[in-house]
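Below is one structure; the comments refer to it alone.
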2 protein chains.
Amino acid sequence: MDVADLTPAQARERFRSGERKPTAGWCRGWTQANLIAVPAALRYDLLLFAHHNPQACPVLDVGEPGAHATALFGGDLRTDLPGYRLYRDGKPVADLDRVTEEWREDLVPFLIGCSFTFERALLAAGVPVRHLELGTNVPMYVTDVACASAGSLSGPLVVSMRPVPEALVKTAAEVSGRYPRVHGAPVHVGDPAAIGIGDLARPDFGDAVEVREGEVPVFWACGVTPQAAIMASGVEFAIGHLPGHMAILDVRDDDYRVED
Amino acid sequence: MDVADLTPAQARERFRSGERKPTAGWCRGWTQANLIAVPAALRYDLLLFAHHNPQACPVLDVGEPGAHATALFGGDLRTDLPGYRLYRDGKPVADLDRVTEEWREDLVPFLIGCSFTFERALLAAGVPVRHLELGTNVPMYVTDVACASAGSLSGPLVVSMRPVPEALVKTAAEVSGRYPRVHGAPVHVGDPAAIGIGDLARPDFGDAVEVREGEVPVFWACGVTPQAAIMASGVEFAIGHLPGHMAILDVRDDDYRVED
């Protein structure tokens with residue numbers, strides 16, 4: 001069965017059984033989300049950080065302290081993502097398939113919008129998506145653009161990149177712009193150096209893709225941004241998803257589309 | 001000097017000296033905001049409540065615990081609004097000209113968008129604003145529409161009402177819709193009973209205005225909504241502005257206008 005045809009529940013079952021795959025292209029039509037779970041003492045700072053940086057950190061859902069699920073995610077947040085990254089004192093200390101043991105009673109899970117949500121709309125508009133063609137993870141980069149800080153949290157903007165044929169850049173911007181709660185329109189088009197990216201061939205997260213003749217790199221705000229803030233701010237403890245290995249929600253892509 | 005021509009600093013000085021007036025029409029071109037200050041222990045719930053109810057509770061600015069000012073408000077939050085309402089255990093216990101003594105070290109001030117911000121644009125588009133003509137406070141009503149709750153906070157939506165000539169309702173909706181961070185387009189047009197308002201002549205806050213032949217009542221989400229939640233939720237302590245007696249910010253109306 002093509003992973004695009006799986007339901008969210010079916011995909012989550014696979015991940016619960018230990019499958020660790022980037023989720024781009026999985027569960028066509030269903031929304032994917034970034035996970036960042038922080039101790040309750042930090043939840044206000046994180047929510048305020050998200051408020052101050054809405055394009056990078058659109059909050060789709062928040063759980064109660066210690067919750068294993070949220071309204072939009074019917075699975076178990078500790079096991080049903082394909083991969084997790086554990087942080088201690090701002091350092092990633094382990095990548096794990098499940099975090100059942102590590103999940104603390106005071107952890108507050110935030111689900112943050114993901115640009116995978118508008119990739120189906122890009123394809124429908126004739127905009128090719130290279131990492132989907134290749135079956136790889138989207139390339140992500142830590143920029144030198146500072147997010148607005150909030151309390152103890154500060155950090156750089158993280159972006160995802162898709163090479164787009166020059167003639168289709170406007171279309172890509174318009175189509176993604178119709179999904180403001182899952183990063184919306186690009187934050188930058190064209191020059192990686194302008195936002196502090198040294199080498200497109202060496203993404204900070206995910207897999208590199210080729211930018212071909214006639215294509216320009218297009219950058220969207222990325223929901224890994226909270227994890228970059230966790231690192232930059234030396235947060236005592238946090239659990240995120242492994243970049244590109246998303247939470248698949250029980251809500252439709254189309255629910256995040258706004259009318260023209 | 002016409003109060004419309006005052007700068008925010010000049011208006012704040014008048015209020016600091018004890019003038020208690022509704023601020024509709026004051027400081028033309030400058031943004032006005034609702035104040036709600038809650039103990040730090042409640043700030044996460046309030047920010048989440050605002051996140052869940054963005055049309056009623058658009059957060060323009062937040063201060064640190066105990067702060068007397070914020071980035072957008074250069075005055076003293078304890079003295080420079082024309083009126084304050086003090087809450088204990090969810091009950092309004094006093095209306096005050098200043099809250100210097102009452103302001104606690106753990107109070108976190110939130111400034112919430114106000115529909116006064118788009119009234120100048122309504123006038124410019126030919127939509128009359130009755131309470132401005134009369135020099136009175138805008139009428140506000142507690143509806144039977146429940147806000148999405150957040151932690152310990154829940155409560156009803158509060159709305160402001162302006163009578164609009166039938167032929168101009170669409171214009172009023174379009175013009176205000178260009179100000180999404182200060183309540184945006186109306187939440188209801190026409191039938192007060194449909195949102196639980198029994199008698200337009202008896203507003204819960206502010207002054208009644210006449211709805212004349214050929215006019216329909218148009219309702220916008222109102223930034224008094226957090227105060228309604230404070231009351232409905234029995235919050236231990238909070239300080240709000242006196243409805244209609246707003247904080248006048250050092251930022252322009254036009255900064256909250258989005259392009260068509």
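Following the order of the structure tokens, chains are lettered A, B, ..., residues in each are numbered from 1, and ligands are numbered from 1.
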
Do a neighbour search on Cys147 (chain A) at 7 Å with only C-alpha atoms, toss out local chain neighbours closer than 5 positions, and write the hits as a CSV table (one decimal) with N, CA, C and O atoms, in the first residue's frame.
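Wrote result_12.csv, looks like this:
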chain,number,residue,atom,x,y,z
A,53,ASN,N,6.1,34.9,16.8
A,53,ASN,CA,6.7,34.4,15.6
A,53,ASN,C,5.7,33.5,14.9
A,53,ASN,O,5.9,32.3,14.7
A,154,SER,N,14.9,32.4,22.9
A,154,SER,CA,15.2,33.2,21.7
A,154,SER,C,15.9,32.2,20.8
A,154,SER,O,16.3,31.1,21.2
A,155,GLY,N,16.1,32.6,19.5
A,155,GLY,CA,16.7,31.6,18.6
A,155,GLY,C,16.5,32.1,17.2
A,155,GLY,O,15.8,33.0,16.9
A,156,PRO,N,17.2,31.4,16.3
A,156,PRO,CA,17.1,31.7,14.8
A,156,PRO,C,15.9,31.1,14.1
A,156,PRO,O,15.4,30.0,14.6
A,157,LEU,N,15.5,31.7,13.1
A,157,LEU,CA,14.5,31.1,12.2
A,157,LEU,C,15.0,29.9,11.4
A,157,LEU,O,16.2,30.0,10.9

Closest-contact table, chain B side, partner chain A, 10 Å, counting only C-alpha atoms, as a Markdown table:
| residue | atom | partner | partner_atom | distance |
| --- | --- | --- | --- | --- |
| B:Ala40 | CA | A:Tyr44 | CA | 9.7 |
| B:Ala41 | CA | A:Tyr44 | CA | 9.8 |
| B:Leu42 | CA | A:Tyr44 | CA | 9.7 |
| B:Arg43 | CA | A:Tyr44 | CA | 7.2 |
| B:Tyr44 | CA | A:Tyr44 | CA | 4.9 |
| B:Asp45 | CA | A:Tyr44 | CA | 8.5 |
| B:Leu46 | CA | A:Tyr44 | CA | 9.7 |
| B:Leu47 | CA | A:Leu47 | CA | 7.4 |
| B:Leu48 | CA | A:Leu47 | CA | 7.5 |
| B:His51 | CA | A:His51 | CA | 8.1 |
| B:His52 | CA | A:Asp61 | CA | 9.4 |
| B:Val59 | CA | A:His51 | CA | 8.5 |
| B:Leu60 | CA | A:His52 | CA | 9.7 |
| B:Asp61 | CA | A:His52 | CA | 9.4 |
| B:Val62 | CA | A:Leu48 | CA | 8.8 |
| B:Glu64 | CA | A:Gly151 | CA | 8.2 |
| B:Ala150 | CA | A:Glu64 | CA | 9.9 |
| B:Gly151 | CA | A:Glu64 | CA | 8.2 |

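The interatomic distance for the pair CA of Leu132 (chain A) and CA of Val99 (chain A) works out to 27.9 Å.
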
**OP:** Kindly give the distance, in Å, that separates CA of Gly25 (chain B) and CA of Glu119 (chain B), rounded to a single decimal.
**Re:**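 So the answer is 8.2 Å.
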
**OP:** Would you mind listing what lies within 9 Å of Thr143 (chain A) as a list in words, with only C-alpha atoms counted and same-chain residues fewer than 4 positions away left out?
**Re:**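 Listed by chain and then number, they are Pro156, Leu157, Val158, Val159, Pro192, Ile195, Gly196 and Ile197 of chain A.
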
Keeping only N, CA, C and O atoms, write the selected residues as a PDB file, in the first residue's frame.
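Generated file (out_39.pdb):
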ATOM      1  N   PRO A 156      17.166  31.356  16.265  1.00  0.00           N
ATOM      2  CA  PRO A 156      17.076  31.710  14.848  1.00  0.00           C
ATOM      3  C   PRO A 156      15.884  31.067  14.147  1.00  0.00           C
ATOM      4  O   PRO A 156      15.372  30.034  14.585  1.00  0.00           O
ATOM      5  N   LEU A 157      15.484  31.688  13.059  1.00  0.00           N
ATOM      6  CA  LEU A 157      14.463  31.117  12.182  1.00  0.00           C
ATOM      7  C   LEU A 157      15.035  29.916  11.435  1.00  0.00           C
ATOM      8  O   LEU A 157      16.152  29.981  10.906  1.00  0.00           O
ATOM      9  N   VAL A 158      14.285  28.828  11.399  1.00  0.00           N
ATOM     10  CA  VAL A 158      14.623  27.664  10.574  1.00  0.00           C
ATOM     11  C   VAL A 158      13.696  27.684   9.364  1.00  0.00           C
ATOM     12  O   VAL A 158      12.535  28.070   9.477  1.00  0.00           O
ATOM     13  N   VAL A 159      14.242  27.311   8.207  1.00  0.00           N
ATOM     14  CA  VAL A 159      13.435  27.302   6.978  1.00  0.00           C
ATOM     15  C   VAL A 159      13.538  25.942   6.284  1.00  0.00           C
ATOM     16  O   VAL A 159      14.536  25.233   6.442  1.00  0.00           O
ATOM     17  N   PRO A 192      20.332  32.145  -0.884  1.00  0.00           N
ATOM     18  CA  PRO A 192      20.544  31.511   0.433  1.00  0.00           C
ATOM     19  C   PRO A 192      21.410  32.377   1.350  1.00  0.00           C
ATOM     20  O   PRO A 192      21.125  32.480   2.560  1.00  0.00           O
ATOM     21  N   ILE A 195      19.992  35.016   3.806  1.00  0.00           N
ATOM     22  CA  ILE A 195      19.425  34.637   5.116  1.00  0.00           C
ATOM     23  C   ILE A 195      20.402  33.733   5.882  1.00  0.00           C
ATOM     24  O   ILE A 195      20.006  32.978   6.776  1.00  0.00           O
ATOM     25  N   GLY A 196      21.679  33.844   5.498  1.00  0.00           N
ATOM     26  CA  GLY A 196      22.717  33.196   6.305  1.00  0.00           C
ATOM     27  C   GLY A 196      22.935  31.715   6.045  1.00  0.00           C
ATOM     28  O   GLY A 196      23.519  31.020   6.875  1.00  0.00           O
ATOM     29  N   ILE A 197      22.467  31.262   4.898  1.00  0.00           N
ATOM     30  CA  ILE A 197      22.692  29.849   4.556  1.00  0.00           C
ATOM     31  C   ILE A 197      23.929  29.752   3.675  1.00  0.00           C
ATOM     32  O   ILE A 197      23.967  30.308   2.570  1.00  0.00           O
TER      33      ILE A 197
END

Subject >> Non-local contacts of Asp204 (chain A) (8 Å; only C-alpha atoms; under 3 positions in same chain excluded) as a PyMOL selection string >> reply: chain A and resi 139-142

Original post:
Which residue gives the smallest distance to Thr171 (chain A) among A:Ala11, A:Leu122, A:Val209, A:Gly184, with only C-alpha atoms counted?
Top reply: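 Checking each of A:Ala11, A:Leu122, A:Val209, A:Gly184 against Thr171 (chain A), counting only C-alpha atoms, the winner is A:Leu122.
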
**OP:** Write out as a PyMOL selection string which residues come within 8 Å of Ala9 (chain A) when counting only C-alpha atoms, dropping same-chain ones fewer than 3 positions away.
**Re:** chain A and resi 6+12-13+74-75

Subject >> Residues within 12 Å of Glu236 (chain A), only C-alpha atoms, excluding chain neighbours under 4 positions, as number ranges by chain >> reply: A: 37-42, 86-93, 107, 152-153, 230-232

Take the residues just selected and output them with N, CA, C and O atoms as a compact mmCIF listing (two decimals), in the first residue's frame.
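File part-v9.txt, as written:
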# COMPACT_ATOMS: atom_id res chain seq x y z
N ALA A 37 7.53 19.49 22.99
CA ALA A 37 6.97 19.31 24.34
C ALA A 37 7.98 19.86 25.34
O ALA A 37 9.15 19.48 25.32
N VAL A 38 7.49 20.77 26.17
CA VAL A 38 8.38 21.44 27.13
C VAL A 38 7.79 21.32 28.54
O VAL A 38 6.58 21.14 28.70
N PRO A 39 8.64 21.43 29.56
CA PRO A 39 8.12 21.44 30.92
C PRO A 39 7.10 22.56 31.12
O PRO A 39 7.24 23.64 30.51
N ALA A 40 6.11 22.31 31.97
CA ALA A 40 5.04 23.28 32.18
C ALA A 40 5.59 24.66 32.56
O ALA A 40 5.02 25.68 32.18
N ALA A 41 6.68 24.68 33.27
CA ALA A 41 7.26 25.97 33.68
C ALA A 41 7.67 26.82 32.49
O ALA A 41 7.80 28.04 32.60
N LEU A 42 7.87 26.18 31.34
CA LEU A 42 8.30 26.91 30.15
C LEU A 42 7.16 27.15 29.16
O LEU A 42 7.33 27.80 28.13
N LEU A 86 15.49 14.16 21.68
CA LEU A 86 15.48 14.50 23.10
C LEU A 86 16.53 15.56 23.37
O LEU A 86 17.67 15.46 22.88
N TYR A 87 16.15 16.60 24.12
CA TYR A 87 17.08 17.69 24.45
C TYR A 87 17.28 17.78 25.95
O TYR A 87 16.32 17.70 26.72
N ARG A 88 18.54 17.94 26.34
CA ARG A 88 18.85 18.26 27.74
C ARG A 88 19.79 19.45 27.74
O ARG A 88 20.79 19.46 27.01
N ASP A 89 19.46 20.44 28.55
CA ASP A 89 20.27 21.66 28.62
C ASP A 89 20.58 22.23 27.23
O ASP A 89 21.70 22.67 26.95
N GLY A 90 19.58 22.18 26.38
CA GLY A 90 19.70 22.76 25.05
C GLY A 90 20.43 21.91 24.04
O GLY A 90 20.58 22.32 22.88
N LYS A 91 20.87 20.73 24.45
CA LYS A 91 21.62 19.87 23.51
C LYS A 91 20.79 18.67 23.11
O LYS A 91 20.18 18.03 23.97
N PRO A 92 20.79 18.37 21.81
CA PRO A 92 20.13 17.12 21.40
C PRO A 92 20.97 15.95 21.91
O PRO A 92 22.15 15.84 21.57
N VAL A 93 20.38 15.11 22.75
CA VAL A 93 21.16 14.04 23.36
C VAL A 93 20.79 12.66 22.85
O VAL A 93 21.54 11.70 23.06
N LEU A 107 5.27 17.62 31.14
CA LEU A 107 5.51 18.05 29.75
C LEU A 107 4.22 18.53 29.10
O LEU A 107 3.19 17.86 29.16
N SER A 152 12.47 33.53 28.37
CA SER A 152 13.78 32.87 28.33
C SER A 152 14.12 32.31 26.96
O SER A 152 15.20 31.76 26.78
N LEU A 153 13.20 32.44 26.01
CA LEU A 153 13.41 31.79 24.70
C LEU A 153 13.80 32.78 23.61
O LEU A 153 13.14 33.79 23.40
N ILE A 230 14.97 26.04 21.56
CA ILE A 230 15.30 25.17 22.70
C ILE A 230 16.83 25.06 22.82
O ILE A 230 17.40 25.17 23.91
N MET A 231 17.47 24.87 21.67
CA MET A 231 18.93 24.73 21.66
C MET A 231 19.61 26.05 22.00
O MET A 231 20.49 26.11 22.86
N ALA A 232 19.18 27.12 21.32
CA ALA A 232 19.84 28.41 21.52
C ALA A 232 19.66 28.92 22.95
O ALA A 232 20.48 29.70 23.45

Original post:
Near Pro128 (chain B), counting only C-alpha atoms, which residues have an atom at most 10 Å away, once you skip same-chain residues fewer than 5 positions from it, shown as a PyMOL selection string?
Top reply: chain B and resi 119-120+122-123+133+162-165+168+172

**OP:** Extract the full set of alpha helix (DSSP H) residues from region 6-200 of chain A according to DSSP on the backbone, and format it as a PyMOL selection string.
**Re:** chain A and resi 8-16+43-52+119-124+130-134+169-177

**OP:** Write down as a ChimeraX atom specification the residues belonging to region 31-245 of chain A that are assigned strand (DSSP E) by DSSP computed on the backbone.
**Re:** /A:31-39,59-62,84-88,91-96,107-113,140-146,156-165,188-189,215-221,237-241

Original post:
Just how far from CA of Ala56 (chain B) is CA of Ala185 (chain A), in Å to one decimal?
Top reply: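 Taking CA of Ala185 (chain A) and CA of Ala56 (chain B), their separation equals 25.4 Å.
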